[in-house]
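K.L.:
Data: data-v9.txt, compact mmCIF, N, CA and C atoms.
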```
# COMPACT_ATOMS: atom_id res chain seq x y z
N MET A 1 -117.94 -101.79 -39.38
CA MET A 1 -116.57 -101.83 -39.84
C MET A 1 -115.96 -100.44 -39.74
N LYS A 2 -114.79 -100.34 -39.18
CA LYS A 2 -114.08 -99.07 -39.04
C LYS A 2 -113.17 -98.88 -40.24
N ILE A 3 -113.37 -97.80 -40.97
CA ILE A 3 -112.56 -97.56 -42.17
C ILE A 3 -111.87 -96.20 -42.14
N GLY A 4 -111.84 -95.58 -40.98
CA GLY A 4 -111.26 -94.25 -40.86
C GLY A 4 -109.83 -94.17 -41.35
N LYS A 5 -109.00 -95.17 -40.97
CA LYS A 5 -107.60 -95.16 -41.39
C LYS A 5 -107.50 -95.27 -42.91
N ASN A 6 -108.35 -96.09 -43.51
CA ASN A 6 -108.34 -96.22 -44.97
C ASN A 6 -108.67 -94.88 -45.62
N LEU A 7 -109.72 -94.21 -45.12
CA LEU A 7 -110.09 -92.90 -45.67
C LEU A 7 -108.95 -91.90 -45.52
N LYS A 8 -108.32 -91.90 -44.35
CA LYS A 8 -107.22 -90.97 -44.11
C LYS A 8 -106.05 -91.26 -45.05
N ASP A 9 -105.71 -92.53 -45.22
CA ASP A 9 -104.59 -92.89 -46.09
C ASP A 9 -104.88 -92.55 -47.55
N ILE A 10 -106.09 -92.80 -48.00
CA ILE A 10 -106.46 -92.47 -49.38
C ILE A 10 -106.44 -90.95 -49.57
N ARG A 11 -107.03 -90.24 -48.63
CA ARG A 11 -107.06 -88.78 -48.70
C ARG A 11 -105.64 -88.22 -48.75
N SER A 12 -104.77 -88.72 -47.87
CA SER A 12 -103.38 -88.26 -47.83
C SER A 12 -102.65 -88.57 -49.13
N SER A 13 -102.90 -89.76 -49.68
CA SER A 13 -102.21 -90.15 -50.92
C SER A 13 -102.62 -89.25 -52.09
N LYS A 14 -103.79 -88.65 -51.99
CA LYS A 14 -104.26 -87.76 -53.04
C LYS A 14 -103.92 -86.30 -52.74
N GLY A 15 -103.29 -86.06 -51.59
CA GLY A 15 -102.87 -84.71 -51.24
C GLY A 15 -104.03 -83.79 -50.88
N LEU A 16 -105.10 -84.36 -50.36
CA LEU A 16 -106.28 -83.57 -50.01
C LEU A 16 -106.37 -83.35 -48.51
N SER A 17 -106.89 -82.21 -48.13
CA SER A 17 -107.06 -81.91 -46.71
C SER A 17 -108.42 -82.42 -46.22
N ILE A 18 -108.55 -82.52 -44.92
CA ILE A 18 -109.84 -82.90 -44.33
C ILE A 18 -110.90 -81.89 -44.74
N GLU A 19 -110.52 -80.63 -44.72
CA GLU A 19 -111.46 -79.56 -45.08
C GLU A 19 -111.95 -79.73 -46.52
N ALA A 20 -111.03 -80.06 -47.42
CA ALA A 20 -111.40 -80.23 -48.83
C ALA A 20 -112.38 -81.38 -49.00
N ILE A 21 -112.11 -82.50 -48.33
CA ILE A 21 -113.01 -83.66 -48.44
C ILE A 21 -114.38 -83.32 -47.89
N ALA A 22 -114.42 -82.66 -46.75
CA ALA A 22 -115.70 -82.28 -46.16
C ALA A 22 -116.48 -81.37 -47.11
N LYS A 23 -115.80 -80.41 -47.71
CA LYS A 23 -116.46 -79.48 -48.61
C LYS A 23 -116.95 -80.18 -49.87
N ILE A 24 -116.08 -80.97 -50.50
CA ILE A 24 -116.43 -81.66 -51.74
C ILE A 24 -117.58 -82.64 -51.52
N SER A 25 -117.53 -83.36 -50.40
CA SER A 25 -118.54 -84.38 -50.13
C SER A 25 -119.83 -83.82 -49.57
N GLY A 26 -119.78 -82.57 -49.08
CA GLY A 26 -120.97 -81.98 -48.47
C GLY A 26 -121.27 -82.52 -47.09
N ILE A 27 -120.27 -83.13 -46.49
CA ILE A 27 -120.43 -83.70 -45.14
C ILE A 27 -119.78 -82.74 -44.15
N ASN A 28 -120.45 -82.53 -43.03
CA ASN A 28 -119.94 -81.66 -41.98
C ASN A 28 -118.53 -82.06 -41.60
N ILE A 29 -117.65 -81.08 -41.45
CA ILE A 29 -116.24 -81.36 -41.19
C ILE A 29 -116.05 -82.15 -39.89
N ASP A 30 -116.84 -81.84 -38.88
CA ASP A 30 -116.73 -82.58 -37.61
C ASP A 30 -117.16 -84.03 -37.77
N VAL A 31 -118.19 -84.25 -38.59
CA VAL A 31 -118.64 -85.62 -38.87
C VAL A 31 -117.54 -86.37 -39.61
N TYR A 32 -116.93 -85.70 -40.63
CA TYR A 32 -115.87 -86.37 -41.38
C TYR A 32 -114.67 -86.68 -40.48
N LYS A 33 -114.30 -85.74 -39.63
CA LYS A 33 -113.18 -85.98 -38.71
C LYS A 33 -113.48 -87.19 -37.81
N ALA A 34 -114.72 -87.29 -37.35
CA ALA A 34 -115.10 -88.41 -36.49
C ALA A 34 -115.04 -89.74 -37.25
N ILE A 35 -115.46 -89.72 -38.52
CA ILE A 35 -115.40 -90.94 -39.34
C ILE A 35 -113.95 -91.33 -39.57
N GLU A 36 -113.13 -90.35 -39.97
CA GLU A 36 -111.73 -90.65 -40.25
C GLU A 36 -110.99 -91.07 -38.98
N GLY A 37 -111.42 -90.58 -37.85
CA GLY A 37 -110.81 -90.96 -36.58
C GLY A 37 -111.39 -92.24 -35.99
N ASP A 38 -112.23 -92.92 -36.74
CA ASP A 38 -112.90 -94.14 -36.30
C ASP A 38 -113.71 -93.93 -35.02
N GLU A 39 -114.22 -92.72 -34.86
CA GLU A 39 -115.07 -92.40 -33.71
C GLU A 39 -116.55 -92.48 -34.09
N ALA A 40 -116.80 -92.57 -35.40
CA ALA A 40 -118.18 -92.68 -35.89
C ALA A 40 -118.21 -93.68 -37.04
N GLU A 41 -119.32 -94.37 -37.14
CA GLU A 41 -119.51 -95.33 -38.24
C GLU A 41 -119.87 -94.56 -39.50
N VAL A 42 -119.46 -95.09 -40.63
CA VAL A 42 -119.81 -94.49 -41.92
C VAL A 42 -121.03 -95.22 -42.47
N THR A 43 -121.96 -94.46 -43.02
CA THR A 43 -123.14 -95.08 -43.63
C THR A 43 -122.80 -95.49 -45.06
N LEU A 44 -123.64 -96.34 -45.63
CA LEU A 44 -123.42 -96.75 -47.02
C LEU A 44 -123.48 -95.57 -47.98
N SER A 45 -124.40 -94.65 -47.72
CA SER A 45 -124.49 -93.48 -48.60
C SER A 45 -123.25 -92.60 -48.46
N GLN A 46 -122.71 -92.47 -47.25
CA GLN A 46 -121.47 -91.71 -47.07
C GLN A 46 -120.31 -92.41 -47.75
N LEU A 47 -120.27 -93.74 -47.64
CA LEU A 47 -119.20 -94.51 -48.29
C LEU A 47 -119.22 -94.28 -49.80
N GLN A 48 -120.41 -94.26 -50.40
CA GLN A 48 -120.52 -94.00 -51.84
C GLN A 48 -120.08 -92.58 -52.17
N ILE A 49 -120.41 -91.63 -51.33
CA ILE A 49 -119.98 -90.24 -51.53
C ILE A 49 -118.46 -90.16 -51.51
N PHE A 50 -117.83 -90.81 -50.53
CA PHE A 50 -116.37 -90.78 -50.44
C PHE A 50 -115.74 -91.47 -51.66
N ALA A 51 -116.35 -92.56 -52.10
CA ALA A 51 -115.84 -93.25 -53.29
C ALA A 51 -115.89 -92.33 -54.50
N ASN A 52 -116.97 -91.58 -54.64
CA ASN A 52 -117.07 -90.63 -55.75
C ASN A 52 -116.02 -89.53 -55.63
N VAL A 53 -115.82 -89.03 -54.43
CA VAL A 53 -114.82 -87.97 -54.21
C VAL A 53 -113.43 -88.47 -54.55
N PHE A 54 -113.12 -89.71 -54.16
CA PHE A 54 -111.78 -90.26 -54.38
C PHE A 54 -111.65 -90.96 -55.75
N SER A 55 -112.72 -90.97 -56.54
CA SER A 55 -112.73 -91.63 -57.85
C SER A 55 -112.32 -93.09 -57.74
N CYS A 56 -112.96 -93.78 -56.85
CA CYS A 56 -112.70 -95.21 -56.67
C CYS A 56 -114.02 -95.89 -56.32
N SER A 57 -113.95 -97.17 -56.06
CA SER A 57 -115.16 -97.89 -55.67
C SER A 57 -115.23 -97.96 -54.15
N PRO A 58 -116.42 -98.15 -53.61
CA PRO A 58 -116.54 -98.35 -52.16
C PRO A 58 -115.71 -99.55 -51.68
N ILE A 59 -115.64 -100.59 -52.49
CA ILE A 59 -114.86 -101.78 -52.11
C ILE A 59 -113.39 -101.42 -51.97
N TYR A 60 -112.90 -100.56 -52.86
CA TYR A 60 -111.51 -100.13 -52.78
C TYR A 60 -111.24 -99.47 -51.42
N ILE A 61 -112.18 -98.62 -50.98
CA ILE A 61 -112.01 -97.96 -49.68
C ILE A 61 -112.01 -99.00 -48.56
N LEU A 62 -112.94 -99.93 -48.63
CA LEU A 62 -113.04 -100.94 -47.58
C LEU A 62 -111.81 -101.83 -47.50
N GLN A 63 -111.22 -102.14 -48.65
CA GLN A 63 -110.09 -103.06 -48.70
C GLN A 63 -108.75 -102.37 -48.87
N PHE A 64 -108.72 -101.06 -48.72
CA PHE A 64 -107.51 -100.30 -49.01
C PHE A 64 -106.33 -100.76 -48.16
N LYS A 65 -105.23 -100.95 -48.85
CA LYS A 65 -103.94 -101.22 -48.21
C LYS A 65 -102.93 -100.41 -48.99
N GLU A 66 -101.77 -100.21 -48.45
CA GLU A 66 -100.74 -99.53 -49.22
C GLU A 66 -100.54 -100.30 -50.51
N SER A 67 -100.57 -99.60 -51.62
CA SER A 67 -100.60 -100.27 -52.92
C SER A 67 -99.30 -100.93 -53.32
N GLY A 68 -98.17 -100.50 -52.80
CA GLY A 68 -96.91 -101.15 -53.12
C GLY A 68 -96.60 -101.14 -54.61
N GLY A 69 -96.94 -100.04 -55.28
CA GLY A 69 -96.64 -99.93 -56.69
C GLY A 69 -97.76 -100.34 -57.61
N SER A 70 -98.87 -100.78 -57.05
CA SER A 70 -100.01 -101.17 -57.89
C SER A 70 -100.73 -99.93 -58.40
N ILE A 71 -101.42 -100.10 -59.50
CA ILE A 71 -102.23 -99.03 -60.05
C ILE A 71 -103.67 -99.48 -59.98
N TYR A 72 -104.52 -98.66 -59.38
CA TYR A 72 -105.92 -98.97 -59.28
C TYR A 72 -106.67 -97.99 -60.16
N ASN A 73 -107.53 -98.51 -61.02
CA ASN A 73 -108.27 -97.68 -61.94
C ASN A 73 -109.74 -98.03 -61.83
N HIS A 74 -110.52 -97.14 -61.27
CA HIS A 74 -111.96 -97.36 -61.16
C HIS A 74 -112.61 -96.75 -62.40
N PHE A 75 -113.54 -97.47 -62.99
CA PHE A 75 -114.23 -96.93 -64.14
C PHE A 75 -115.71 -97.19 -64.03
N GLU A 76 -116.48 -96.37 -64.70
CA GLU A 76 -117.93 -96.54 -64.74
C GLU A 76 -118.37 -96.22 -66.15
N ASN A 77 -119.11 -97.12 -66.76
CA ASN A 77 -119.52 -96.86 -68.14
C ASN A 77 -120.95 -96.33 -68.19
N SER A 78 -121.40 -96.01 -69.39
CA SER A 78 -122.72 -95.41 -69.56
C SER A 78 -123.86 -96.37 -69.27
N GLU A 79 -123.56 -97.65 -69.15
CA GLU A 79 -124.59 -98.64 -68.85
C GLU A 79 -124.80 -98.79 -67.34
N GLY A 80 -124.01 -98.06 -66.55
CA GLY A 80 -124.15 -98.15 -65.11
C GLY A 80 -123.30 -99.24 -64.47
N ASN A 81 -122.58 -100.00 -65.28
CA ASN A 81 -121.69 -101.02 -64.74
C ASN A 81 -120.42 -100.34 -64.26
N ASN A 82 -119.78 -100.91 -63.28
CA ASN A 82 -118.49 -100.37 -62.89
C ASN A 82 -117.59 -101.50 -62.47
N GLY A 83 -116.35 -101.20 -62.34
CA GLY A 83 -115.39 -102.23 -61.98
C GLY A 83 -114.04 -101.62 -61.68
N ILE A 84 -113.10 -102.47 -61.43
CA ILE A 84 -111.75 -102.01 -61.09
C ILE A 84 -110.76 -102.82 -61.90
N ASN A 85 -109.83 -102.13 -62.52
CA ASN A 85 -108.70 -102.78 -63.17
C ASN A 85 -107.51 -102.61 -62.24
N VAL A 86 -106.84 -103.68 -61.94
CA VAL A 86 -105.66 -103.61 -61.09
C VAL A 86 -104.47 -104.10 -61.88
N ASN A 87 -103.49 -103.25 -62.05
CA ASN A 87 -102.29 -103.61 -62.79
C ASN A 87 -101.09 -103.40 -61.87
N VAL A 88 -100.27 -104.40 -61.75
CA VAL A 88 -99.06 -104.27 -60.95
C VAL A 88 -97.92 -104.01 -61.91
N GLN A 89 -97.26 -102.91 -61.72
CA GLN A 89 -96.18 -102.53 -62.60
C GLN A 89 -94.87 -103.04 -62.04
N GLY A 90 -94.25 -103.97 -62.75
CA GLY A 90 -92.96 -104.48 -62.34
C GLY A 90 -91.89 -104.12 -63.34
N ILE A 91 -92.27 -103.33 -64.35
CA ILE A 91 -91.34 -102.96 -65.41
C ILE A 91 -90.97 -101.50 -65.22
N ASP A 92 -89.73 -101.22 -65.46
CA ASP A 92 -89.23 -99.85 -65.40
C ASP A 92 -90.00 -98.99 -66.40
N GLN A 93 -90.44 -97.81 -65.98
CA GLN A 93 -91.20 -96.91 -66.84
C GLN A 93 -90.40 -96.52 -68.09
N LYS A 94 -89.09 -96.44 -67.97
CA LYS A 94 -88.26 -96.12 -69.13
C LYS A 94 -88.37 -97.22 -70.19
N GLU A 95 -88.41 -98.48 -69.74
CA GLU A 95 -88.57 -99.60 -70.67
C GLU A 95 -89.91 -99.51 -71.39
N ILE A 96 -90.95 -99.15 -70.67
CA ILE A 96 -92.28 -99.03 -71.28
C ILE A 96 -92.26 -97.92 -72.33
N ARG A 97 -91.67 -96.77 -71.99
CA ARG A 97 -91.59 -95.67 -72.96
C ARG A 97 -90.82 -96.08 -74.21
N ASN A 98 -89.70 -96.76 -74.03
CA ASN A 98 -88.89 -97.20 -75.17
C ASN A 98 -89.66 -98.18 -76.05
N ALA A 99 -90.37 -99.10 -75.44
CA ALA A 99 -91.16 -100.07 -76.21
C ALA A 99 -92.24 -99.35 -77.00
N PHE A 100 -92.89 -98.37 -76.38
CA PHE A 100 -93.92 -97.61 -77.07
C PHE A 100 -93.32 -96.85 -78.25
N LYS A 101 -92.16 -96.22 -78.05
CA LYS A 101 -91.51 -95.49 -79.14
C LYS A 101 -91.18 -96.41 -80.31
N GLU A 102 -90.70 -97.60 -80.00
CA GLU A 102 -90.38 -98.57 -81.06
C GLU A 102 -91.64 -98.95 -81.84
N LEU A 103 -92.73 -99.22 -81.12
CA LEU A 103 -93.98 -99.56 -81.80
C LEU A 103 -94.48 -98.41 -82.66
N TYR A 104 -94.37 -97.21 -82.12
CA TYR A 104 -94.81 -96.03 -82.85
C TYR A 104 -93.98 -95.84 -84.13
N GLN A 105 -92.67 -95.98 -84.02
CA GLN A 105 -91.80 -95.84 -85.19
C GLN A 105 -92.13 -96.89 -86.25
N ASP A 106 -92.39 -98.12 -85.82
CA ASP A 106 -92.77 -99.17 -86.76
C ASP A 106 -94.05 -98.81 -87.52
N GLU A 107 -95.02 -98.25 -86.79
CA GLU A 107 -96.28 -97.84 -87.42
C GLU A 107 -96.05 -96.71 -88.42
N LEU A 108 -95.17 -95.78 -88.08
CA LEU A 108 -94.87 -94.68 -89.01
C LEU A 108 -94.26 -95.20 -90.30
N LYS A 109 -93.47 -96.26 -90.22
CA LYS A 109 -92.85 -96.84 -91.42
C LYS A 109 -93.90 -97.55 -92.28
N ARG A 110 -94.96 -98.05 -91.66
CA ARG A 110 -95.99 -98.78 -92.40
C ARG A 110 -96.88 -97.86 -93.22
N ILE A 111 -97.06 -96.64 -92.79
CA ILE A 111 -98.00 -95.72 -93.45
C ILE A 111 -97.63 -95.50 -94.92
N PRO A 112 -96.39 -95.13 -95.25
CA PRO A 112 -96.07 -94.95 -96.67
C PRO A 112 -96.26 -96.22 -97.49
N LYS A 113 -95.96 -97.36 -96.90
CA LYS A 113 -96.14 -98.63 -97.61
C LYS A 113 -97.62 -98.87 -97.91
N LEU A 114 -98.48 -98.59 -96.95
CA LEU A 114 -99.92 -98.76 -97.15
C LEU A 114 -100.45 -97.78 -98.19
N GLU A 115 -99.97 -96.53 -98.15
CA GLU A 115 -100.39 -95.54 -99.14
C GLU A 115 -99.97 -95.97 -100.54
N LYS A 116 -98.76 -96.47 -100.68
CA LYS A 116 -98.28 -96.93 -101.99
C LYS A 116 -99.14 -98.09 -102.49
N LEU A 117 -99.45 -99.02 -101.61
CA LEU A 117 -100.27 -100.17 -101.98
C LEU A 117 -101.65 -99.71 -102.47
N LEU A 118 -102.22 -98.73 -101.80
CA LEU A 118 -103.52 -98.20 -102.23
C LEU A 118 -103.41 -97.53 -103.60
N ARG A 119 -102.38 -96.70 -103.77
CA ARG A 119 -102.19 -96.03 -105.05
C ARG A 119 -101.97 -97.04 -106.18
N ASP A 120 -101.12 -98.04 -105.94
CA ASP A 120 -100.83 -99.06 -106.94
C ASP A 120 -102.07 -99.83 -107.37
N ASN A 121 -103.04 -99.92 -106.50
CA ASN A 121 -104.27 -100.65 -106.79
C ASN A 121 -105.44 -99.72 -107.09
N ASN A 122 -105.11 -98.44 -107.36
CA ASN A 122 -106.13 -97.43 -107.71
C ASN A 122 -107.26 -97.35 -106.70
N ILE A 123 -106.91 -97.41 -105.45
CA ILE A 123 -107.90 -97.27 -104.38
C ILE A 123 -107.76 -95.85 -103.82
N GLU A 124 -108.86 -95.09 -103.89
CA GLU A 124 -108.81 -93.70 -103.42
C GLU A 124 -109.02 -93.63 -101.92
N LEU A 125 -108.35 -92.68 -101.33
CA LEU A 125 -108.50 -92.43 -99.89
C LEU A 125 -109.60 -91.41 -99.70
N ASP A 126 -110.58 -91.72 -98.89
CA ASP A 126 -111.70 -90.80 -98.64
C ASP A 126 -111.65 -90.25 -97.23
N PHE A 127 -110.61 -89.52 -96.93
CA PHE A 127 -110.57 -88.86 -95.62
C PHE A 127 -109.85 -87.56 -95.70
```
Give the structure from this file in structure tokens form.
P.N.:
Amino acid sequence: MKIGKNLKDIRSSKGLSIEAIAKISGINIDVYKAIEGDEAEVTLSQLQIFANVFSCSPIYILQFKESGGSIYNHFENSEGNNGINVNVQGIDQKEIRNAFKELYQDELKRIPKLEKLLRDNNIELDF
């Protein structure tokens, strides 16, 4: 499978140079150029190295397409499991910020009420 264009597009989207990827990955720059140019096949171990460099999964590299506003979040937990969360944002970021501010303000109003309830019931705060 030729994935050079995918690697190039991901690298470009992250604002990284070919030289930077070669240095970070420890792969010879000429080898990386050949892979990105689809002149050489990528090995599974190289694919995993590139995934680590780009903070994504190997599958993401293999299936990479222009995201069109999608957010891809690769995660790996301490148990060795990993996965991808894909969220498509169709809401204006300003709307999200406003909704968050409203929720935050509501929570701030609740704090004094909760403190009063604790005091009224002689419950001490231990923090």
K.L.:
Atom N of Lys94 of chain A and atom C of Asp9 of chain A are how many Å apart?
P.N.:
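Taking atom N of Lys94 of chain A as the start and atom C of Asp9 of chain A as the end point, the length is 26.1 Å.
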K.L.:
Within 6.5 Å of segment 38-53 of chain A, counting only N, CA and C atoms, which residues qualify if same-chain residues fewer than 3 places away don't, as a PyMOL selection string?
P.N.:
chain A and resi 1-5+25+33-35+56-58
K.L.:
For the selection you just gave me, I'd like the residues written to a file as a compact mmCIF listing (two decimals), in the frame of the given file, keeping N, CA and C atoms.
P.N.:
```
# COMPACT_ATOMS: atom_id res chain seq x y z
N MET A 1 -117.94 -101.79 -39.38
CA MET A 1 -116.57 -101.83 -39.84
C MET A 1 -115.96 -100.44 -39.74
N LYS A 2 -114.79 -100.34 -39.18
CA LYS A 2 -114.08 -99.07 -39.04
C LYS A 2 -113.17 -98.88 -40.24
N ILE A 3 -113.37 -97.80 -40.97
CA ILE A 3 -112.56 -97.56 -42.17
C ILE A 3 -111.87 -96.20 -42.14
N GLY A 4 -111.84 -95.58 -40.98
CA GLY A 4 -111.26 -94.25 -40.86
C GLY A 4 -109.83 -94.17 -41.35
N LYS A 5 -109.00 -95.17 -40.97
CA LYS A 5 -107.60 -95.16 -41.39
C LYS A 5 -107.50 -95.27 -42.91
N SER A 25 -117.53 -83.36 -50.40
CA SER A 25 -118.54 -84.38 -50.13
C SER A 25 -119.83 -83.82 -49.57
N LYS A 33 -114.30 -85.74 -39.63
CA LYS A 33 -113.18 -85.98 -38.71
C LYS A 33 -113.48 -87.19 -37.81
N ALA A 34 -114.72 -87.29 -37.35
CA ALA A 34 -115.10 -88.41 -36.49
C ALA A 34 -115.04 -89.74 -37.25
N ILE A 35 -115.46 -89.72 -38.52
CA ILE A 35 -115.40 -90.94 -39.34
C ILE A 35 -113.95 -91.33 -39.57
N CYS A 56 -112.96 -93.78 -56.85
CA CYS A 56 -112.70 -95.21 -56.67
C CYS A 56 -114.02 -95.89 -56.32
N SER A 57 -113.95 -97.17 -56.06
CA SER A 57 -115.16 -97.89 -55.67
C SER A 57 -115.23 -97.96 -54.15
N PRO A 58 -116.42 -98.15 -53.61
CA PRO A 58 -116.54 -98.35 -52.16
C PRO A 58 -115.71 -99.55 -51.68
```
K.L.:
In Å to one decimal, how far is atom CA of Tyr32 of chain A from atom N of Ala20 of chain A?
P.N.:
10.0 Å
K.L.:
Kindly give the distance, in Å, that separates atom C of Asn6 of chain A and atom C of Ile61 of chain A, rounded to a single decimal.
P.N.:
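Computing the Euclidean distance for atom C of Asn6 of chain A and atom C of Ile61 of chain A yields 6.1 Å.
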K.L.:
From the options A:Phe54, A:Lys101, A:Ile27, A:Asp126, which residue's atoms come nearest to Ile10 of chain A, counting only N, CA and C atoms?
P.N.:
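Under the stated criterion, the closest residue is A:Phe54.
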K.L.:
All heavy atoms for segment 102-110 of chain A, written as a CSV table (one decimal), in the frame of the given file, could you do that?
P.N.:
```csv
chain,number,residue,atom,x,y,z
A,102,GLU,N,-90.7,-97.6,-80.0
A,102,GLU,CA,-90.4,-98.6,-81.1
A,102,GLU,C,-91.6,-99.0,-81.8
A,102,GLU,O,-91.6,-99.0,-83.1
A,102,GLU,CB,-89.7,-99.8,-80.5
A,102,GLU,CG,-88.3,-99.6,-80.0
A,102,GLU,CD,-87.8,-100.9,-79.3
A,102,GLU,OE1,-88.2,-102.0,-79.7
A,102,GLU,OE2,-86.9,-100.7,-78.5
A,103,LEU,N,-92.7,-99.2,-81.1
A,103,LEU,CA,-94.0,-99.6,-81.8
A,103,LEU,C,-94.5,-98.4,-82.7
A,103,LEU,O,-94.9,-98.6,-83.8
A,103,LEU,CB,-95.1,-99.9,-80.8
A,103,LEU,CG,-94.9,-101.3,-80.1
A,103,LEU,CD1,-95.9,-101.4,-78.9
A,103,LEU,CD2,-95.0,-102.4,-81.0
A,104,TYR,N,-94.4,-97.2,-82.1
A,104,TYR,CA,-94.8,-96.0,-82.8
A,104,TYR,C,-94.0,-95.8,-84.1
A,104,TYR,O,-94.5,-95.6,-85.2
A,104,TYR,CB,-94.7,-94.8,-81.9
A,104,TYR,CG,-95.1,-93.5,-82.6
A,104,TYR,CD1,-96.5,-93.3,-82.9
A,104,TYR,CD2,-94.2,-92.5,-82.9
A,104,TYR,CE1,-96.9,-92.1,-83.5
A,104,TYR,CE2,-94.6,-91.4,-83.5
A,104,TYR,CZ,-95.9,-91.1,-83.8
A,104,TYR,OH,-96.3,-90.0,-84.4
A,105,GLN,N,-92.7,-96.0,-84.0
A,105,GLN,CA,-91.8,-95.8,-85.2
A,105,GLN,C,-92.1,-96.9,-86.2
A,105,GLN,O,-92.1,-96.6,-87.4
A,105,GLN,CB,-90.3,-95.9,-84.8
A,105,GLN,CG,-89.8,-94.8,-83.9
A,105,GLN,CD,-90.0,-93.4,-84.7
A,105,GLN,OE1,-89.8,-93.3,-85.8
A,105,GLN,NE2,-90.4,-92.4,-83.9
A,106,ASP,N,-92.4,-98.1,-85.8
A,106,ASP,CA,-92.8,-99.2,-86.8
A,106,ASP,C,-94.0,-98.8,-87.5
A,106,ASP,O,-94.2,-99.0,-88.7
A,106,ASP,CB,-93.0,-100.5,-86.0
A,106,ASP,CG,-91.6,-101.1,-85.6
A,106,ASP,OD1,-90.6,-100.7,-86.1
A,106,ASP,OD2,-91.7,-102.0,-84.7
A,107,GLU,N,-95.0,-98.2,-86.8
A,107,GLU,CA,-96.3,-97.8,-87.4
A,107,GLU,C,-96.0,-96.7,-88.4
A,107,GLU,O,-96.7,-96.7,-89.5
A,107,GLU,CB,-97.3,-97.4,-86.4
A,107,GLU,CG,-97.9,-98.6,-85.6
A,107,GLU,CD,-98.5,-99.6,-86.5
A,107,GLU,OE1,-99.4,-99.3,-87.3
A,107,GLU,OE2,-98.2,-100.8,-86.3
A,108,LEU,N,-95.2,-95.8,-88.1
A,108,LEU,CA,-94.9,-94.7,-89.0
A,108,LEU,C,-94.3,-95.2,-90.3
A,108,LEU,O,-94.5,-94.7,-91.4
A,108,LEU,CB,-93.9,-93.7,-88.4
A,108,LEU,CG,-94.5,-92.8,-87.3
A,108,LEU,CD1,-93.5,-91.9,-86.7
A,108,LEU,CD2,-95.7,-92.0,-87.8
A,109,LYS,N,-93.5,-96.3,-90.2
A,109,LYS,CA,-92.8,-96.8,-91.4
A,109,LYS,C,-93.9,-97.6,-92.3
A,109,LYS,O,-93.7,-97.6,-93.5
A,109,LYS,CB,-91.8,-97.8,-91.0
A,109,LYS,CG,-90.6,-97.2,-90.4
A,109,LYS,CD,-89.6,-98.2,-89.9
A,109,LYS,CE,-88.4,-97.5,-89.1
A,109,LYS,NZ,-87.5,-98.5,-88.5
A,110,ARG,N,-95.0,-98.0,-91.7
A,110,ARG,CA,-96.0,-98.8,-92.4
A,110,ARG,C,-96.9,-97.9,-93.2
A,110,ARG,O,-97.4,-98.3,-94.3
A,110,ARG,CB,-96.9,-99.6,-91.4
A,110,ARG,CG,-96.2,-100.8,-90.8
A,110,ARG,CD,-97.1,-101.5,-89.9
A,110,ARG,NE,-98.2,-102.0,-90.6
A,110,ARG,CZ,-99.4,-102.4,-90.0
A,110,ARG,NH1,-99.5,-102.3,-88.7
A,110,ARG,NH2,-100.4,-102.8,-90.7
```
